[in-house]
Structure formats: structure tokens, C-alpha cells
file protein.pdb (PDB, C-alpha atoms)
MODEL        1
ATOM      1  CA  MET T  78     -18.506  -1.003   3.330
ATOM      2  CA  ILE T  79     -18.388   2.480   1.898
ATOM      3  CA  ASN T  80     -16.655   2.328  -1.436
ATOM      4  CA  TYR T  81     -15.100   5.604  -2.512
ATOM      5  CA  SER T  82     -13.754   4.758  -5.915
ATOM      6  CA  ILE T  83     -14.173   5.715  -9.546
ATOM      7  CA  PHE T  84     -14.876   2.043 -10.293
ATOM      8  CA  PRO T  85     -18.529   1.012  -9.889
ATOM      9  CA  ALA T  86     -19.307  -1.676  -7.298
ATOM     10  CA  GLU T  87     -20.640  -4.085  -9.957
ATOM     11  CA  THR T  88     -17.192  -4.084 -11.582
ATOM     12  CA  LEU T  89     -15.351  -4.615  -8.293
ATOM     13  CA  PHE T  90     -17.539  -7.503  -7.146
ATOM     14  CA  ASP T  91     -18.192  -9.005 -10.583
ATOM     15  CA  ASP T  92     -16.908 -12.549  -9.782
ATOM     16  CA  TRP T  93     -17.594 -12.383  -6.044
ATOM     17  CA  ASP T  94     -19.684 -15.586  -6.020
ATOM     18  CA  GLU T  95     -16.869 -17.729  -7.473
ATOM     19  CA  PHE T  96     -14.194 -16.189  -5.246
ATOM     20  CA  ASP T  97     -13.180 -18.675  -2.538
ATOM     21  CA  PRO T  98      -9.548 -18.220  -1.469
ATOM     22  CA  GLN T  99      -7.961 -21.059   0.556
ATOM     23  CA  TYR T 100      -5.512 -19.718   3.116
ATOM     24  CA  GLN T 101      -3.195 -21.680   5.416
ATOM     25  CA  GLU T 102      -1.050 -20.536   8.302
ATOM     26  CA  MET T 103       2.678 -21.176   8.238
ATOM     27  CA  GLU T 104       4.680 -20.726  11.461
ATOM     28  CA  LEU T 105       8.026 -19.084  10.869
ATOM     29  CA  GLY T 106       9.189 -18.824  14.482
ATOM     30  CA  GLU T 107      10.137 -15.739  16.516
ATOM     31  CA  GLY T 108       6.487 -14.746  16.633
ATOM     32  CA  ILE T 109       6.040 -14.530  12.853
ATOM     33  CA  THR T 110       3.213 -16.410  11.171
ATOM     34  CA  LEU T 111       2.553 -16.234   7.452
ATOM     35  CA  LEU T 112      -0.897 -16.531   5.958
ATOM     36  CA  VAL T 113      -0.264 -18.246   2.632
ATOM     37  CA  GLU T 114      -2.412 -19.260  -0.312
ATOM     38  CA  ARG T 115      -1.488 -22.503  -2.045
ATOM     39  CA  ILE T 116      -1.298 -21.884  -5.772
ATOM     40  CA  ASP T 117      -0.139 -25.388  -6.747
ATOM     41  CA  PRO T 118       1.246 -28.477  -4.932
ATOM     42  CA  GLN T 119       4.785 -27.023  -4.805
ATOM     43  CA  GLN T 120       4.139 -23.322  -4.369
ATOM     44  CA  VAL T 121       2.405 -20.932  -2.003
ATOM     45  CA  ARG T 122       1.941 -17.186  -2.236
ATOM     46  CA  ILE T 123       2.383 -15.116   0.921
ATOM     47  CA  ASN T 124      -0.861 -13.291   1.557
ATOM     48  CA  ARG T 125      -0.265 -11.724   4.919
ATOM     49  CA  ILE T 126       2.291 -11.457   7.701
ATOM     50  CA  ILE T 127       0.936 -11.913  11.207
ATOM     51  CA  SER T 128       3.317 -10.530  13.813
ATOM     52  CA  SER T 129       3.380  -8.018  16.616
ATOM     53  CA  ASN T 130       6.957  -7.071  15.652
ATOM     54  CA  PRO T 131       6.674  -4.178  13.161
ATOM     55  CA  GLN T 132      10.106  -4.911  11.651
ATOM     56  CA  ALA T 133       8.747  -8.238  10.392
ATOM     57  CA  PHE T 134       6.776  -6.212   7.858
ATOM     58  CA  LEU T 135       9.951  -4.804   6.272
ATOM     59  CA  LYS T 136      11.602  -8.175   5.542
ATOM     60  CA  ASN T 137      12.005  -8.591   1.779
ATOM     61  CA  GLU T 138      12.117 -12.374   2.055
ATOM     62  CA  ILE T 139       8.551 -12.647   3.317
ATOM     63  CA  PHE T 140       6.924  -9.663   1.647
ATOM     64  CA  PRO T 141       3.255 -10.283   0.726
ATOM     65  CA  GLY T 142       2.947 -11.518  -2.846
ATOM     66  CA  THR T 143       6.223 -13.471  -2.685
ATOM     67  CA  ILE T 144       5.874 -16.981  -4.076
ATOM     68  CA  LEU T 145       7.593 -19.653  -2.031
ATOM     69  CA  LYS T 146       8.540 -23.001  -3.496
ATOM     70  CA  THR T 147       7.763 -25.216  -0.554
ATOM     71  CA  GLY T 148       8.159 -28.900  -0.992
ATOM     72  CA  LEU T 149       7.201 -28.810   2.667
ATOM     73  CA  GLN T 150       4.007 -29.996   4.256
ATOM     74  CA  ILE T 151       2.157 -27.001   5.634
TER      75      ILE T 151
ATOM     76  CA  MET H  99      12.815 -33.273  -5.219
ATOM     77  CA  ASN H 100      15.779 -31.212  -4.044
ATOM     78  CA  HIS H 101      14.425 -28.806  -1.461
ATOM     79  CA  HIS H 102      17.529 -26.638  -1.569
ATOM     80  CA  ARG H 103      17.068 -25.569  -5.172
ATOM     81  CA  ALA H 104      15.544 -22.168  -5.850
ATOM     82  CA  ASN H 105      12.708 -21.629  -8.304
ATOM     83  CA  PRO H 106      14.082 -22.802 -11.673
ATOM     84  CA  ASN H 107      12.284 -19.913 -13.398
ATOM     85  CA  ILE H 108      14.536 -17.422 -11.635
ATOM     86  CA  ARG H 109      18.107 -17.534 -12.890
ATOM     87  CA  SER H 110      20.927 -15.486 -11.456
ATOM     88  CA  ASN H 111      24.715 -15.541 -11.532
ATOM     89  CA  SER H 112      24.889 -13.535  -8.316
ATOM     90  CA  PRO H 113      26.771 -15.270  -5.498
ATOM     91  CA  ASN H 114      23.978 -14.029  -3.212
ATOM     92  CA  HIS H 115      21.352 -15.952  -5.125
ATOM     93  CA  PRO H 116      20.083 -18.957  -3.122
ATOM     94  CA  ALA H 117      20.851 -21.377  -5.942
ATOM     95  CA  ASN H 118      24.487 -20.312  -6.005
ATOM     96  CA  ARG H 119      25.142 -20.348  -2.279
ATOM     97  CA  PRO H 120      26.727 -23.244  -0.397
ATOM     98  CA  HIS H 121      24.375 -25.049   1.973
ATOM     99  CA  ASN H 122      26.457 -24.225   5.045
ATOM    100  CA  PRO H 123      28.297 -20.974   4.351
ATOM    101  CA  PRO H 124      30.933 -19.830   6.824
ATOM    102  CA  GLY H 125      30.169 -16.698   8.815
ATOM    103  CA  PRO H 126      28.715 -15.455  12.055
ATOM    104  CA  ASN H 127      26.246 -17.597  13.952
ATOM    105  CA  LEU H 128      22.664 -16.893  12.948
ATOM    106  CA  ASN H 129      19.851 -16.719  15.444
ATOM    107  CA  ASP H 130      16.815 -18.903  14.925
ATOM    108  CA  ASN H 131      14.802 -16.267  13.122
ATOM    109  CA  GLN H 132      17.595 -15.481  10.677
ATOM    110  CA  ALA H 133      18.097 -19.180  10.092
ATOM    111  CA  ASN H 134      14.400 -19.562   9.356
ATOM    112  CA  LEU H 135      14.495 -16.654   6.948
ATOM    113  CA  LYS H 136      17.569 -18.100   5.304
ATOM    114  CA  SER H 137      15.778 -21.365   4.881
ATOM    115  CA  LEU H 138      12.885 -19.544   3.287
ATOM    116  CA  GLN H 139      15.236 -17.800   0.904
ATOM    117  CA  GLU H 140      16.568 -21.140  -0.220
ATOM    118  CA  LEU H 141      13.088 -22.382  -0.885
ATOM    119  CA  GLY H 142      11.704 -19.206  -2.376
ATOM    120  CA  GLU H 143      12.477 -16.916  -5.259
ATOM    121  CA  ASN H 144      12.874 -13.528  -3.653
ATOM    122  CA  THR H 145      16.480 -12.411  -3.150
ATOM    123  CA  PRO H 146      16.992  -9.448  -0.825
ATOM    124  CA  PRO H 147      19.306  -6.672  -1.998
ATOM    125  CA  PRO H 148      22.851  -6.689  -0.570
ATOM    126  CA  ALA H 149      23.143  -4.769   2.703
ATOM    127  CA  GLU H 150      25.449  -2.115   1.207
ATOM    128  CA  ASN H 151      22.714  -1.101  -1.261
ATOM    129  CA  GLN H 152      20.094  -0.486   1.419
ATOM    130  CA  SER H 153      18.732   3.024   1.203
ATOM    131  CA  ASP H 154      17.703   5.223   4.107
ATOM    132  CA  LEU H 155      14.465   5.945   2.215
ATOM    133  CA  HIS H 156      11.493   3.602   2.197
ATOM    134  CA  VAL H 157       9.058   3.463  -0.720
ATOM    135  CA  ILE H 158       5.444   2.357  -0.402
ATOM    136  CA  PRO H 159       3.499   2.046  -3.662
ATOM    137  CA  ILE H 160      -0.287   2.299  -3.314
ATOM    138  CA  ILE H 161      -1.611   0.841  -6.533
ATOM    139  CA  GLY H 162      -5.070  -0.203  -7.752
ATOM    140  CA  GLN H 163      -8.010  -0.500  -5.362
ATOM    141  CA  ILE H 164      -7.422   0.164  -1.680
ATOM    142  CA  GLU H 165      -8.702  -2.996  -0.045
ATOM    143  CA  GLY H 166     -10.156  -2.739   3.440
ATOM    144  CA  HIS H 167     -12.745  -4.788   5.284
ATOM    145  CA  LEU H 168     -13.645  -6.978   2.305
ATOM    146  CA  VAL H 169     -11.240  -9.134   0.297
ATOM    147  CA  LEU H 170     -11.812  -8.244  -3.335
ATOM    148  CA  PRO H 171     -11.948 -10.889  -6.092
ATOM    149  CA  PRO H 172      -8.559 -11.591  -7.723
ATOM    150  CA  LYS H 173      -9.219  -9.750 -10.988
ATOM    151  CA  ASN H 174      -8.909  -6.505  -9.014
ATOM    152  CA  LYS H 175      -5.417  -5.158  -8.486
ATOM    153  CA  THR H 176      -5.402  -4.089  -4.851
ATOM    154  CA  THR H 177      -3.310  -2.628  -2.059
ATOM    155  CA  LYS H 178      -4.347  -4.119   1.267
ATOM    156  CA  TYR H 179      -4.394  -1.889   4.317
ATOM    157  CA  GLU H 180      -3.189  -4.693   6.593
ATOM    158  CA  HIS H 181       0.044  -4.635   4.552
ATOM    159  CA  ILE H 182       0.466  -0.873   4.612
ATOM    160  CA  ILE H 183      -0.352   0.009   8.221
ATOM    161  CA  PRO H 184       2.228  -2.258   9.948
ATOM    162  CA  GLN H 185       4.815  -1.125   7.390
ATOM    163  CA  LEU H 186       4.184   2.474   8.433
ATOM    164  CA  VAL H 187       4.730   1.488  12.070
ATOM    165  CA  ALA H 188       7.954  -0.296  11.102
ATOM    166  CA  VAL H 189       9.199   2.717   9.124
ATOM    167  CA  GLU H 190       8.464   5.021  12.065
ATOM    168  CA  GLU H 191      10.358   2.709  14.425
ATOM    169  CA  ASN H 192      13.316   1.776  12.223
ATOM    170  CA  PRO H 193      16.304   4.069  12.936
ATOM    171  CA  ARG H 194      17.880   3.278   9.538
ATOM    172  CA  ILE H 195      14.918   4.749   7.628
ATOM    173  CA  LYS H 196      14.959   8.543   7.471
ATOM    174  CA  GLY H 197      12.215   9.272   4.959
ATOM    175  CA  LEU H 198       9.164   7.771   3.275
ATOM    176  CA  LEU H 199       8.098   8.123  -0.360
ATOM    177  CA  ILE H 200       4.482   7.215  -1.153
ATOM    178  CA  ILE H 201       3.851   6.424  -4.826
ATOM    179  CA  LEU H 202       0.176   6.675  -5.691
ATOM    180  CA  ASN H 203      -1.661   5.285  -8.698
ATOM    181  CA  THR H 204      -5.011   4.352  -7.241
ATOM    182  CA  VAL H 205      -8.628   4.394  -8.370
ATOM    183  CA  GLY H 206      -9.845   4.671  -4.747
ATOM    184  CA  GLY H 207     -11.432   2.015  -2.587
ATOM    185  CA  ASP H 208     -12.585   1.388   0.975
ATOM    186  CA  ILE H 209     -13.110   4.739   2.686
ATOM    187  CA  GLU H 210     -12.159   3.550   6.180
ATOM    188  CA  ALA H 211      -8.984   1.835   4.962
ATOM    189  CA  GLY H 212      -7.984   4.908   2.968
ATOM    190  CA  LEU H 213      -8.598   7.275   5.868
ATOM    191  CA  ALA H 214      -6.727   4.958   8.246
ATOM    192  CA  ILE H 215      -3.667   4.982   5.959
ATOM    193  CA  SER H 216      -3.945   8.775   5.575
ATOM    194  CA  GLU H 217      -4.082   9.344   9.330
ATOM    195  CA  MET H 218      -1.108   7.047   9.906
ATOM    196  CA  ILE H 219       1.022   8.862   7.310
ATOM    197  CA  SER H 220       0.068  12.329   8.566
ATOM    198  CA  SER H 221       0.988  11.429  12.152
ATOM    199  CA  MET H 222       4.489  10.118  11.336
ATOM    200  CA  SER H 223       7.498  11.976  12.703
ATOM    201  CA  LYS H 224       9.696  11.125   9.717
ATOM    202  CA  ALA H 225       9.874  13.077   6.459
ATOM    203  CA  THR H 226       7.160  12.004   4.012
ATOM    204  CA  VAL H 227       6.561  12.895   0.357
ATOM    205  CA  SER H 228       3.877  11.614  -2.013
ATOM    206  CA  ILE H 229       3.837  11.547  -5.784
ATOM    207  CA  VAL H 230       0.673  10.957  -7.815
ATOM    208  CA  LEU H 231       1.358   9.045 -11.036
ATOM    209  CA  GLY H 232      -1.409   8.098 -13.435
ATOM    210  CA  GLY H 233      -4.243   8.710 -11.009
ATOM    211  CA  GLY H 234      -4.958   9.474  -7.388
ATOM    212  CA  HIS H 235      -8.724   9.284  -7.384
ATOM    213  CA  SER H 236     -11.418   9.361  -4.691
ATOM    214  CA  ILE H 237      -9.936   8.030  -1.408
ATOM    215  CA  GLY H 238      -6.495   8.462  -3.034
ATOM    216  CA  VAL H 239      -6.930  12.230  -2.526
ATOM    217  CA  PRO H 240      -6.599  12.197   1.307
ATOM    218  CA  ILE H 241      -3.635   9.798   1.050
ATOM    219  CA  ALA H 242      -1.890  12.139  -1.416
ATOM    220  CA  VAL H 243      -2.289  15.170   0.853
ATOM    221  CA  ALA H 244      -1.371  13.311   4.075
ATOM    222  CA  THR H 245       2.396  13.668   3.511
ATOM    223  CA  ASP H 246       4.629  16.633   4.400
ATOM    224  CA  HIS H 247       4.886  17.524   0.703
ATOM    225  CA  SER H 248       2.888  16.274  -2.282
ATOM    226  CA  TYR H 249       3.708  16.047  -5.990
ATOM    227  CA  ILE H 250       1.666  15.209  -9.057
ATOM    228  CA  VAL H 251       3.155  14.484 -12.470
ATOM    229  CA  ALA H 252       1.834  16.679 -15.262
ATOM    230  CA  THR H 253      -0.226  13.911 -16.875
ATOM    231  CA  ALA H 254      -1.767  12.428 -13.718
ATOM    232  CA  SER H 255      -5.381  13.061 -12.719
ATOM    233  CA  MET H 256      -7.339  13.188  -9.489
ATOM    234  CA  THR H 257     -11.115  12.710  -9.389
ATOM    235  CA  VAL H 258     -12.958  14.494  -6.593
ATOM    236  CA  HIS H 259     -16.515  13.188  -6.301
ATOM    237  CA  PRO H 260     -19.138  12.294  -3.672
ATOM    238  CA  ILE H 261     -18.877   8.991  -1.781
ATOM    239  CA  ARG H 262     -21.354   6.180  -2.445
ATOM    240  CA  LEU H 263     -22.712   3.211  -0.483
ATOM    241  CA  THR H 264     -22.660  -0.399  -1.632
ATOM    242  CA  GLY H 265     -25.237  -2.934  -0.521
ATOM    243  CA  MET H 266     -28.738  -2.336   0.797
ATOM    244  CA  VAL H 267     -29.742   1.299   1.150
ATOM    245  CA  ILE H 268     -32.733   2.152   3.357
ATOM    246  CA  GLY H 269     -34.636   5.120   1.991
ATOM    247  CA  VAL H 270     -34.831   7.151   5.192
ATOM    248  CA  PRO H 271     -33.360  10.581   6.041
ATOM    249  CA  GLN H 272     -30.865   8.959   8.427
ATOM    250  CA  THR H 273     -29.189   7.246   5.463
ATOM    251  CA  TYR H 274     -28.426  10.602   3.875
ATOM    252  CA  GLU H 275     -27.283  12.055   7.183
ATOM    253  CA  TYR H 276     -24.943   9.079   7.625
ATOM    254  CA  LEU H 277     -23.516   9.513   4.125
ATOM    255  CA  ASP H 278     -23.047  13.210   4.796
ATOM    256  CA  LYS H 279     -21.125  12.453   7.988
ATOM    257  CA  MET H 280     -18.874   9.971   6.180
ATOM    258  CA  GLN H 281     -18.242  12.517   3.455
ATOM    259  CA  ASP H 282     -17.386  15.177   6.027
ATOM    260  CA  ARG H 283     -14.623  12.914   7.355
ATOM    261  CA  VAL H 284     -12.945  12.988   3.949
ATOM    262  CA  ILE H 285     -13.519  16.726   3.425
ATOM    263  CA  ARG H 286     -12.184  17.588   6.880
ATOM    264  CA  PHE H 287      -9.025  15.537   6.415
ATOM    265  CA  VAL H 288      -8.294  16.933   2.951
ATOM    266  CA  THR H 289      -8.860  20.578   3.908
ATOM    267  CA  GLN H 290      -6.773  20.220   7.081
ATOM    268  CA  HIS H 291      -3.824  18.702   5.227
ATOM    269  CA  SER H 292      -3.759  20.779   2.041
ATOM    270  CA  ASN H 293      -4.225  24.383   0.954
ATOM    271  CA  ILE H 294      -7.674  23.922  -0.583
ATOM    272  CA  SER H 295     -10.605  25.638   1.141
ATOM    273  CA  GLU H 296     -13.563  23.598   2.336
ATOM    274  CA  ASP H 297     -15.990  25.578   0.153
ATOM    275  CA  TYR H 298     -13.931  25.058  -2.994
ATOM    276  CA  PHE H 299     -13.397  21.346  -2.277
ATOM    277  CA  ARG H 300     -17.162  20.881  -1.815
ATOM    278  CA  GLU H 301     -17.757  22.785  -5.041
ATOM    279  CA  LEU H 302     -15.376  20.460  -6.918
ATOM    280  CA  MET H 303     -16.992  17.419  -5.281
ATOM    281  CA  PHE H 304     -20.559  18.332  -6.233
ATOM    282  CA  ARG H 305     -19.925  19.949  -9.610
ATOM    283  CA  THR H 306     -22.216  18.739 -12.380
ATOM    284  CA  GLY H 307     -21.607  18.661 -16.112
ATOM    285  CA  GLU H 308     -17.949  17.642 -15.941
ATOM    286  CA  LEU H 309     -18.111  13.853 -15.464
ATOM    287  CA  VAL H 310     -20.197  11.824 -17.907
ATOM    288  CA  ARG H 311     -21.953   9.486 -15.452
ATOM    289  CA  ASP H 312     -21.126  11.037 -12.113
ATOM    290  CA  VAL H 313     -21.020  14.241 -10.111
ATOM    291  CA  GLY H 314     -17.595  15.740  -9.419
ATOM    292  CA  THR H 315     -14.431  17.059 -11.053
ATOM    293  CA  VAL H 316     -11.302  15.652 -12.644
ATOM    294  CA  LEU H 317      -8.156  17.640 -11.853
ATOM    295  CA  ILE H 318      -5.243  17.015 -14.215
ATOM    296  CA  GLY H 319      -1.649  17.829 -13.243
ATOM    297  CA  ASN H 320      -1.389  21.568 -12.674
ATOM    298  CA  ASP H 321      -5.174  21.881 -11.977
ATOM    299  CA  ALA H 322      -4.596  19.960  -8.730
ATOM    300  CA  VAL H 323      -1.823  22.395  -7.757
ATOM    301  CA  GLU H 324      -3.814  25.516  -8.673
ATOM    302  CA  SER H 325      -6.764  24.282  -6.612
ATOM    303  CA  GLY H 326      -4.473  24.021  -3.561
ATOM    304  CA  LEU H 327      -4.904  20.268  -3.262
ATOM    305  CA  ILE H 328      -1.342  19.258  -4.221
ATOM    306  CA  ASP H 329       1.819  21.233  -3.463
ATOM    307  CA  GLN H 330       3.730  20.962  -6.745
ATOM    308  CA  VAL H 331       3.856  19.469 -10.216
ATOM    309  CA  GLY H 332       6.960  17.308 -10.458
ATOM    310  CA  GLY H 333       8.445  13.896 -11.026
ATOM    311  CA  LEU H 334      10.530  11.340  -9.221
ATOM    312  CA  ASN H 335      13.701  13.427  -9.025
ATOM    313  CA  ASP H 336      11.782  16.375  -7.534
ATOM    314  CA  ALA H 337      10.125  14.106  -4.976
ATOM    315  CA  LEU H 338      13.438  12.529  -3.920
ATOM    316  CA  ASN H 339      15.168  15.920  -3.694
ATOM    317  CA  THR H 340      12.358  17.285  -1.508
ATOM    318  CA  LEU H 341      12.531  14.210   0.695
ATOM    319  CA  ARG H 342      16.304  14.683   1.137
ATOM    320  CA  THR H 343      15.748  18.371   1.979
ATOM    321  CA  LEU H 344      13.096  17.510   4.567
ATOM    322  CA  ILE H 345      15.395  14.902   6.129
ATOM    323  CA  ARG H 346      18.220  17.462   6.335
ATOM    324  CA  LYS H 347      15.859  19.951   8.010
ATOM    325  CA  GLU H 348      14.775  17.356  10.552
ATOM    326  CA  ASN H 349      18.416  16.640  11.313
ATOM    327  CA  GLY H 350      19.047  20.349  11.953
ATOM    328  CA  GLY H 351      20.575  20.997   8.532
ATOM    329  CA  VAL H 352      23.242  18.293   8.925
ATOM    330  CA  VAL H 353      23.815  16.227   5.789
ATOM    331  CA  GLN H 354      24.263  12.577   6.717
TER     332      GLN H 354
ENDMDL
END
call {"tool": "encode", "arguments": {"input": "protein.pdb", "output": "C-alpha cells"}}
result
Amino acid sequence: MINYSIFPAETLFDDWDEFDPQYQEMELGEGITLLVERIDPQQVRINRIISSNPQAFLKNEIFPGTILKTGLQI
Amino acid sequence: MNHHRANPNIRSNSPNHPANRPHNPPGPNLNDNQANLKSLQELGENTPPPAENQSDLHVIPIIGQIEGHLVLPPKNKTTKYEHIIPQLVAVEENPRIKGLLIILNTVGGDIEAGLAISEMISSMSKATVSIVLGGGHSIGVPIAVATDHSYIVATASMTVHPIRLTGMVIGVPQTYEYLDKMQDRVIRFVTQHSNISEDYFRELMFRTGELVRDVGTVLIGNDAVESGLIDQVGGLNDALNTLRTLIRKENGGVVQ
């Protein structure tokens, strides 16, 4: 990776060793899959939209960073 | 647990809010995808704006580090290129969206991700305007100049400095040649998409005595305009007015 930033690499990767995100896939249908990160037993945060339909990336309801209260088994 | 209740931390009196909607509202039949999205709305906390408030402009904020091939630890505030690039495709394809406003406050990041975003923006057919707020440093520079018109607010700064490698560096001439080639990619893009000359940009990039622990130059507000890097000093209203003007021009002067 070539980092072109005013922040030094040692600052960016300071807690790299402890960083271990746990992602799960969540099928939404119509060719949309969400990559979500469970933040507690009832909530997940959308990390990424996986779809070949570009308009899926403009949907407010599933925008990355949105926290979903699930109550569902994923 | 009632699965139909919205997040209790989010309170709203709006009839559109999931918590205030009936479970089976009357209306047109929804297709499966809409039904799925509706279900998500009822479980989640994000309420989309009403359709009548939808603008024909799309805004993409590029904030913090630009994250590319490596996922950065959570203490970094990042903008991920896998979120931005498909959005740009969607904006280009969506007939409702007439113009794109890029809001930049970035400290830089992955060079390949930044250049990829810059190339995507510069090759769009729709009107594009960028505005640098706070800072548009390092790989933020090519993104700022990639639009049809660029603005910087008077207090914002842009740092132009040489690129650097992370990880193992082999002390052979090829390493320096490789770095030089990578740097040329940035220089070529910036000089092709702004009014700054290649010689002057290189001079700014390799200037010594200005930054405390680095080589390079900090351009603040009007300095970036005088150097030819950015088109104008201005704020949000200026950027939106320019975007509207560009849209009118693309529509042959017809106000829609």
C-alpha cells in the first residue's frame, strides 16, 4: 500500500494488532447482500453493500454505517 | 421482543417514522425488494426523506482517511472507496440526479483508492463541483481538482508533499524509480485537471523549509487558487450556484 497522507503510518496502524472485525453476510433479496458487523446481540452496523445494481448504493435505508436493530438470526 | 418497534433511542412524531406507521398500510402493491426494504426500515433507525423533498443534486462527503486496499483500525475516521465508486456509477446512471457535489475534508490516504475516485469523477458526464472544507491534503488534491469546477473555503488548507511507502523498503534504485512513477501518476492527474503547471506543482511538492517534519507546501484558501490548483475561493452557496449553472448549460440553457 502506498499511503499518501499527512498522517504518519504509525498513527494510522497504531492498534492494528488488536483489530479483528467480525463481518456477516445478510441476504436482502433482489441481488442485494449486506455485509454487516454485529455490534451487540440486537444490533448490526451495515459495513458494505454487495450488489451489481448501482442504484442499490443510493438507497438511504441500507446506507453503510446504518445501524439495524435486528432481533433476527443472521 | 417486538420486532416491529424501531430503535427506542430514535424518537419521531413523523407519520413516516417506522414506529408510527401501521403494520399493513394501504397503498400500491410493493414488489419483493421494496417489501424487504420496508421491513428493514421497521427494524432499523434510518428514515428516508419524503419523496417530495428529494433533490436532483447528490452530495458525496469524503471525510477522514481514504481507505483502499487495507481496512484501517476503527479509531481512524475513513471514507471507503468501495462505498464511493458504486455511488458514482449510480449517480451517472440515475436520470433524477443532475449534478454531484463533492465535499472534501480529508487528510489523504491510499493512493490507488484516491486516484480511482478521481478518475471516476473526472470521467462523469454529469455536472460536478467540489468544495474543500477544513483540509484537502495529499491524495485529496487530485480528488478536489477532478470535478468540473472546484472551490476552497478561505480557511481550508491543502498540503502538497511527496508520496511515501509503508512496509518493507528495499534499498535498491528500483525502489526510488517505482516511487517516482507512482508520484508521476498523481502529478499528471493534477496538472491535467487544473491550471497549475507541472514545474510549479513539483516545486510545491519538493519545497523544503515550509513543513516542520516533511518536505512540501501548505496552501491555505486563496494560495490554492493563486497557484492554479483550485478554481475559486467560495462556500456552499457558491458551489451550489455553480452546480446549478453547469446543469443549465448541459441542458442547453433550459432551467428545469
call {"tool": "interface_residues", "arguments": {"input": "protein.pdb", "of": "chain T", "to": "chain H", "cutoff": "7 Å", "atoms": "all atoms listed in the file", "output": "list of chain:residue names"}}
result
T:Met78, T:Ile79, T:Asn80, T:Tyr81, T:Ser82, T:Ile83, T:Phe84, T:Ala86, T:Leu89, T:Phe90, T:Asp92, T:Trp93, T:Phe96, T:Leu105, T:Gly106, T:Glu107, T:Pro131, T:Gln132, T:Phe134, T:Leu135, T:Asn137, T:Glu138, T:Thr143, T:Ile144, T:Leu145, T:Lys146, T:Thr147, T:Gly148
call {"tool": "write_last_selection", "arguments": {"input": "protein.pdb", "atoms": "C-alpha atoms", "output": "mmCIF file, in the coordinates of the input"}}
result
data_model
loop_
_atom_site.group_PDB
_atom_site.id
_atom_site.type_symbol
_atom_site.label_atom_id
_atom_site.label_comp_id
_atom_site.auth_asym_id
_atom_site.auth_seq_id
_atom_site.Cartn_x
_atom_site.Cartn_y
_atom_site.Cartn_z
ATOM 1 C CA MET T 78 -18.506 -1.003 3.330
ATOM 2 C CA ILE T 79 -18.388 2.480 1.898
ATOM 3 C CA ASN T 80 -16.655 2.328 -1.436
ATOM 4 C CA TYR T 81 -15.100 5.604 -2.512
ATOM 5 C CA SER T 82 -13.754 4.758 -5.915
ATOM 6 C CA ILE T 83 -14.173 5.715 -9.546
ATOM 7 C CA PHE T 84 -14.876 2.043 -10.293
ATOM 8 C CA ALA T 86 -19.307 -1.676 -7.298
ATOM 9 C CA LEU T 89 -15.351 -4.615 -8.293
ATOM 10 C CA PHE T 90 -17.539 -7.503 -7.146
ATOM 11 C CA ASP T 92 -16.908 -12.549 -9.782
ATOM 12 C CA TRP T 93 -17.594 -12.383 -6.044
ATOM 13 C CA PHE T 96 -14.194 -16.189 -5.246
ATOM 14 C CA LEU T 105 8.026 -19.084 10.869
ATOM 15 C CA GLY T 106 9.189 -18.824 14.482
ATOM 16 C CA GLU T 107 10.137 -15.739 16.516
ATOM 17 C CA PRO T 131 6.674 -4.178 13.161
ATOM 18 C CA GLN T 132 10.106 -4.911 11.651
ATOM 19 C CA PHE T 134 6.776 -6.212 7.858
ATOM 20 C CA LEU T 135 9.951 -4.804 6.272
ATOM 21 C CA ASN T 137 12.005 -8.591 1.779
ATOM 22 C CA GLU T 138 12.117 -12.374 2.055
ATOM 23 C CA THR T 143 6.223 -13.471 -2.685
ATOM 24 C CA ILE T 144 5.874 -16.981 -4.076
ATOM 25 C CA LEU T 145 7.593 -19.653 -2.031
ATOM 26 C CA LYS T 146 8.540 -23.001 -3.496
ATOM 27 C CA THR T 147 7.763 -25.216 -0.554
ATOM 28 C CA GLY T 148 8.159 -28.900 -0.992
#
call {"tool": "atom_distance", "arguments": {"input": "protein.pdb", "atom1": "atom CA of Thr177 of chain H", "atom2": "atom CA of Glu275 of chain H"}}
result
29.6 Å
call {"tool": "atom_distance", "arguments": {"input": "protein.pdb", "atom1": "atom CA of Pro240 of chain H", "atom2": "atom CA of Val288 of chain H"}}
result
5.3 Å
call {"tool": "atom_distance", "arguments": {"input": "protein.pdb", "atom1": "atom CA of Glu324 of chain H", "atom2": "atom CA of Ser295 of chain H"}}
result
11.9 Å
call {"tool": "resolve_selection", "arguments": {"input": "protein.pdb", "expression": "the PyMOL selection byres ((chain T and resi 101) around 12)", "output": "PyMOL selection string"}}
result
chain T and resi 98-100+102-104+110-116+121-126+150-151
call {"tool": "residues_near_point", "arguments": {"input": "protein.pdb", "point": "(-12.9, 18.7, -5.7)", "cutoff": "12 Å", "atoms": "only C-alpha atoms", "output": "count of residues only"}}
result
43
call {"tool": "axis_aligned_box", "arguments": {"input": "protein.pdb", "around": "segment 90-101 of chain T", "padding_each_side": "8 Å", "output": "AutoDock Vina command-line options"}}
result
--center_x -11.4 --center_y -14.6 --center_z -2.6 --size_x 32.5 --size_y 30.2 --size_z 32.0
call {"tool": "closest_residue", "arguments": {"input": "protein.pdb", "among": "H:Ser228, H:Thr245, H:Gln330, H:Asn320", "to": "His291 of chain H", "atoms": "all atoms listed in the file"}}
result
H:Thr245
call {"tool": "residues_near_point", "arguments": {"input": "protein.pdb", "point": "(9.0, 14.3, -7.2)", "cutoff": "8 Å", "atoms": "all atoms listed in the file", "output": "PyMOL selection string"}}
result
chain H and resi 228-229+249-251+331-340
call {"tool": "residues_around", "arguments": {"input": "protein.pdb", "residues": "Leu231 of chain H", "least_positions_apart": "5", "cutoff": "6 Å", "atoms": "only C-alpha atoms", "output": "PyMOL selection string"}}
result
chain H and resi 202-203+251+254
call {"tool": "write_last_selection", "arguments": {"input": "protein.pdb", "atoms": "C-alpha atoms", "output": "PDB file, keeping the file's coordinate frame"}}
result
ATOM      1  CA  LEU H 202       0.176   6.675  -5.691  1.00  0.00           C
ATOM      2  CA  ASN H 203      -1.661   5.285  -8.698  1.00  0.00           C
ATOM      3  CA  VAL H 251       3.155  14.484 -12.470  1.00  0.00           C
ATOM      4  CA  ALA H 254      -1.767  12.428 -13.718  1.00  0.00           C
TER       5      ALA H 254
END
call {"tool": "residues_around", "arguments": {"input": "protein.pdb", "residues": "Leu155 of chain H", "least_positions_apart": "2", "cutoff": "7 Å", "atoms": "all atoms listed in the file", "output": "tab-separated table (two decimals) with C-alpha atoms, keeping the file's coordinate frame"}}
result
chain	number	residue	atom	x	y	z
H	153	SER	CA	18.73	3.02	1.20
H	157	VAL	CA	9.06	3.46	-0.72
H	195	ILE	CA	14.92	4.75	7.63
H	196	LYS	CA	14.96	8.54	7.47
H	197	GLY	CA	12.22	9.27	4.96
H	198	LEU	CA	9.16	7.77	3.28
